[in-house]
Amino acid sequence: MSPRDPKPHLSLEEQVDRLVEMGLLVNNIDTAKKALGRYNYYRLRGYFHVFLEQEIESETQVQTRVNKFLPETTLDDVLAIYDFDARLRRILLDCLSEFELRLRTSIAYHAGNIDPLVHLNGKGLHSKFIKINADGKSAHINWLLQYQRRFDESKHEDFVKWHIEEFDGKLPIWAAVEILQFGQLTSLYRGFDQGTAHLISNDFGVDPGILKSWAASFNDLRNLAAHHSRIWNKQFVQNPKISGSGFPKELLHLKDCEEWRLRKLYTQLTVLAWIFSRDESDKNRVLEIMCLLNGFPESEKLSLNQSGFPSNWRELFPWRVQ
């Protein structure tokens with residue numbers, strides 16, 4: 001079957017007409033055109049799904065959404081959940097940046113105490129991480145290739161220039177963490193041996209296996225938020241671990257959640273809020289998340305349940321103490 005041609009370009013007026021044909025209630029044409037011109041029809045379409053009618057295929061009984069809005073759906077409904085998701089991304093980026101900063105600091109301090117060049121010479125790294133494979137490579141060598149790219153991209157930084165002049169470009173770990181991307185940082189943490197990994201995970205109140213999972217999950221979430229992806233009802237591929245030795249007792253209620261909830265935002269937010277609830281100076285971050293959640297535009301068509309939140313979430317830690 002030959003590929004189809006792309007759909008024809010639609011003017012803003014034609015885009016509004018298309019939405020009206022689909023059953024969306026548009027009270028003000030100019031407001032609708034402004035919204036479409038600002039946010040892009042295709043981006044907003046990602047927020048249509050919860051407002052669309054569903055058909056059940058008679059033979060398979062599979063539900064599929066059709067290009068028809070549920071009765072009484074307004075443009076304001078769509079823009080309200082879009083605005084909530086945008087504010088959610090901003091809060092997440094702030095909180096995840098703080099988590100990333102603390103992980104950088106913890107790695108720099110504990111790994112640096114083992115050896116300033118731990119990331120380069122392999123001291124303090126797990127044997128599996130530095131083991132040479134049949135192709136002559138190792139996870140550490142692959143990581144070093146990424147590190148070298150970041151080093152080359154960072155040569156304009158004053159502290160990198162100084163290390164090039166004084167130490168032949170060998171950055172100690174406490175300087176190297178400042179040029180690493182979040183994903184490279186989490187990959188390095190996964191490469192530490194148990195002793196080193198424990199020293200770092202103790203700063204976060206969990207065991208290494210849990211912190212490795214959480215860091216990987218947060219890296220994925222941060223990338224999605226940074227690229228303006230829809231977050232609020234997304235089903236995530238990389239989910240935080242909610243079991244194992246040293247798992248926080250305050251979060252044991254997550255084990256009672258249905259599997260589908262664990263792949264939604266609720267688990268990510270609850271784990272993140274727990275991290276910040278451990279320090280009195282961070283309670284405002286949890287309160288900020290709570291304030292956003294309390295302003296969720298719930299209606300017959302929208303609910304935090306679509307984000308994985310159970311009906312009693314306000315009674316559960318860390319949300320109930322706020």
# chains A, B, ... in the order shown; residues from 1 in each chain; ligands from 1
>>> closest_atom_pairs(of="segment 187-245 of chain A", to="segment 40-52 of chain A", cutoff="10 Å", atoms="only C-alpha atoms", output="CSV")
residue,atom,partner,partner_atom,distance
A:His228,CA,A:Arg43,CA,9.5
A:Ser229,CA,A:Arg43,CA,8.9
A:Arg230,CA,A:Gly46,CA,7.3
A:Trp232,CA,A:Tyr47,CA,9.8
A:Asn233,CA,A:Val50,CA,9.3
>>> closest_residue(among="A:Tyr147, A:Phe296, A:Trp313, A:Tyr266", to="Asp83 of chain A", atoms="only C-alpha atoms")
A:Phe296
>>> residues_around(residues="segment 127-138 of chain A", least_positions_apart="6", cutoff="10 Å", atoms="only C-alpha atoms", output="tab-separated table (two decimals) with N, CA and C atoms, in the first residue's frame")
chain	number	residue	atom	x	y	z
A	121	ASN	N	39.20	6.61	36.16
A	121	ASN	CA	40.10	5.47	36.37
A	121	ASN	C	39.40	4.19	36.82
A	144	LEU	N	32.31	6.92	28.96
A	144	LEU	CA	33.41	7.85	28.76
A	144	LEU	C	33.32	8.55	27.41
A	187	SER	N	23.47	7.44	34.82
A	187	SER	CA	24.21	6.29	34.30
A	187	SER	C	25.47	6.04	35.12
A	188	LEU	N	26.16	7.12	35.49
A	188	LEU	CA	27.34	6.98	36.33
A	188	LEU	C	26.99	6.41	37.69
A	190	ARG	N	24.54	4.42	38.44
A	190	ARG	CA	24.27	3.00	38.28
A	190	ARG	C	25.55	2.19	38.14
A	191	GLY	N	26.65	2.87	37.76
A	191	GLY	CA	27.92	2.19	37.58
A	191	GLY	C	28.77	2.06	38.82
A	192	PHE	N	28.39	2.72	39.92
A	192	PHE	CA	29.18	2.64	41.14
A	192	PHE	C	29.03	1.27	41.80
A	193	ASP	N	30.08	0.86	42.52
A	193	ASP	CA	29.97	-0.39	43.29
A	193	ASP	C	29.05	-0.16	44.48
>>> residues_around(residues="segment 163-174 of chain A", least_positions_apart="5", cutoff="7 Å", atoms="only C-alpha atoms", output="MDAnalysis selection string")
chainID A and resid 108:109 112 116:119
>>> residues_around(residues="Ile29 of chain A", least_positions_apart="3", cutoff="10 Å", atoms="only C-alpha atoms", output="mmCIF file with C-alpha atoms, in the first residue's frame")
data_model
loop_
_atom_site.group_PDB
_atom_site.id
_atom_site.type_symbol
_atom_site.label_atom_id
_atom_site.label_comp_id
_atom_site.auth_asym_id
_atom_site.auth_seq_id
_atom_site.Cartn_x
_atom_site.Cartn_y
_atom_site.Cartn_z
ATOM 1 C CA LEU A 12 -6.880 29.220 11.673
ATOM 2 C CA GLU A 13 -10.466 29.848 10.580
ATOM 3 C CA VAL A 16 -11.894 26.431 14.228
ATOM 4 C CA ASP A 17 -14.503 25.218 11.746
ATOM 5 C CA VAL A 26 -16.754 27.596 20.739
ATOM 6 C CA ALA A 32 -10.345 30.157 19.506
ATOM 7 C CA LYS A 33 -8.177 31.457 16.654
ATOM 8 C CA LYS A 34 -5.810 33.090 19.152
ATOM 9 C CA ALA A 35 -5.480 29.844 21.124
#
>>> select_by_dssp(residues="segment 71-264 of chain A", states="helix (DSSP H, G or I)", output="ChimeraX atom specification")
/A:75-114,118-121,127-130,139-153,158-167,173-176,182-191,194-204,208-226,249-256,259-262
>>> closest_residue(among="A:His140, A:Arg150, A:His198, A:Lys241", to="Phe182 of chain A", atoms="only C-alpha atoms")
A:Arg150
>>> closest_residue(among="A:Leu265, A:Ala80, A:Cys95, A:Trp274", to="Asn305 of chain A", atoms="only C-alpha atoms")
A:Leu265
>>> residues_around(residues="segment 66-69 of chain A", least_positions_apart="5", cutoff="6 Å", atoms="only C-alpha atoms", output="CSV table (one decimal) with N, CA and C atoms, in the first residue's frame")
chain,number,residue,atom,x,y,z
A,22,MET,N,-16.6,18.9,14.8
A,22,MET,CA,-16.4,17.8,15.7
A,22,MET,C,-17.3,17.9,17.0
A,23,GLY,N,-18.0,19.0,17.1
A,23,GLY,CA,-18.9,19.1,18.2
A,23,GLY,C,-18.4,20.0,19.4
A,24,LEU,N,-17.3,20.6,19.2
A,24,LEU,CA,-16.7,21.4,20.3
A,24,LEU,C,-17.5,22.7,20.3
A,51,PHE,N,-11.9,14.1,26.0
A,51,PHE,CA,-13.2,14.7,25.7
A,51,PHE,C,-13.9,14.1,24.5
A,52,LEU,N,-13.3,13.1,23.9
A,52,LEU,CA,-13.8,12.5,22.7
A,52,LEU,C,-14.7,11.3,23.0
A,53,GLU,N,-15.7,11.1,22.2
A,53,GLU,CA,-16.6,9.9,22.4
A,53,GLU,C,-15.9,8.6,22.0
A,54,GLN,N,-16.4,7.5,22.5
A,54,GLN,CA,-15.8,6.2,22.2
A,54,GLN,C,-16.8,5.3,21.5
>>> closest_residue(among="A:Lys123, A:Leu185, A:Ala111, A:Phe159", to="Gln146 of chain A", atoms="only C-alpha atoms")
A:Leu185
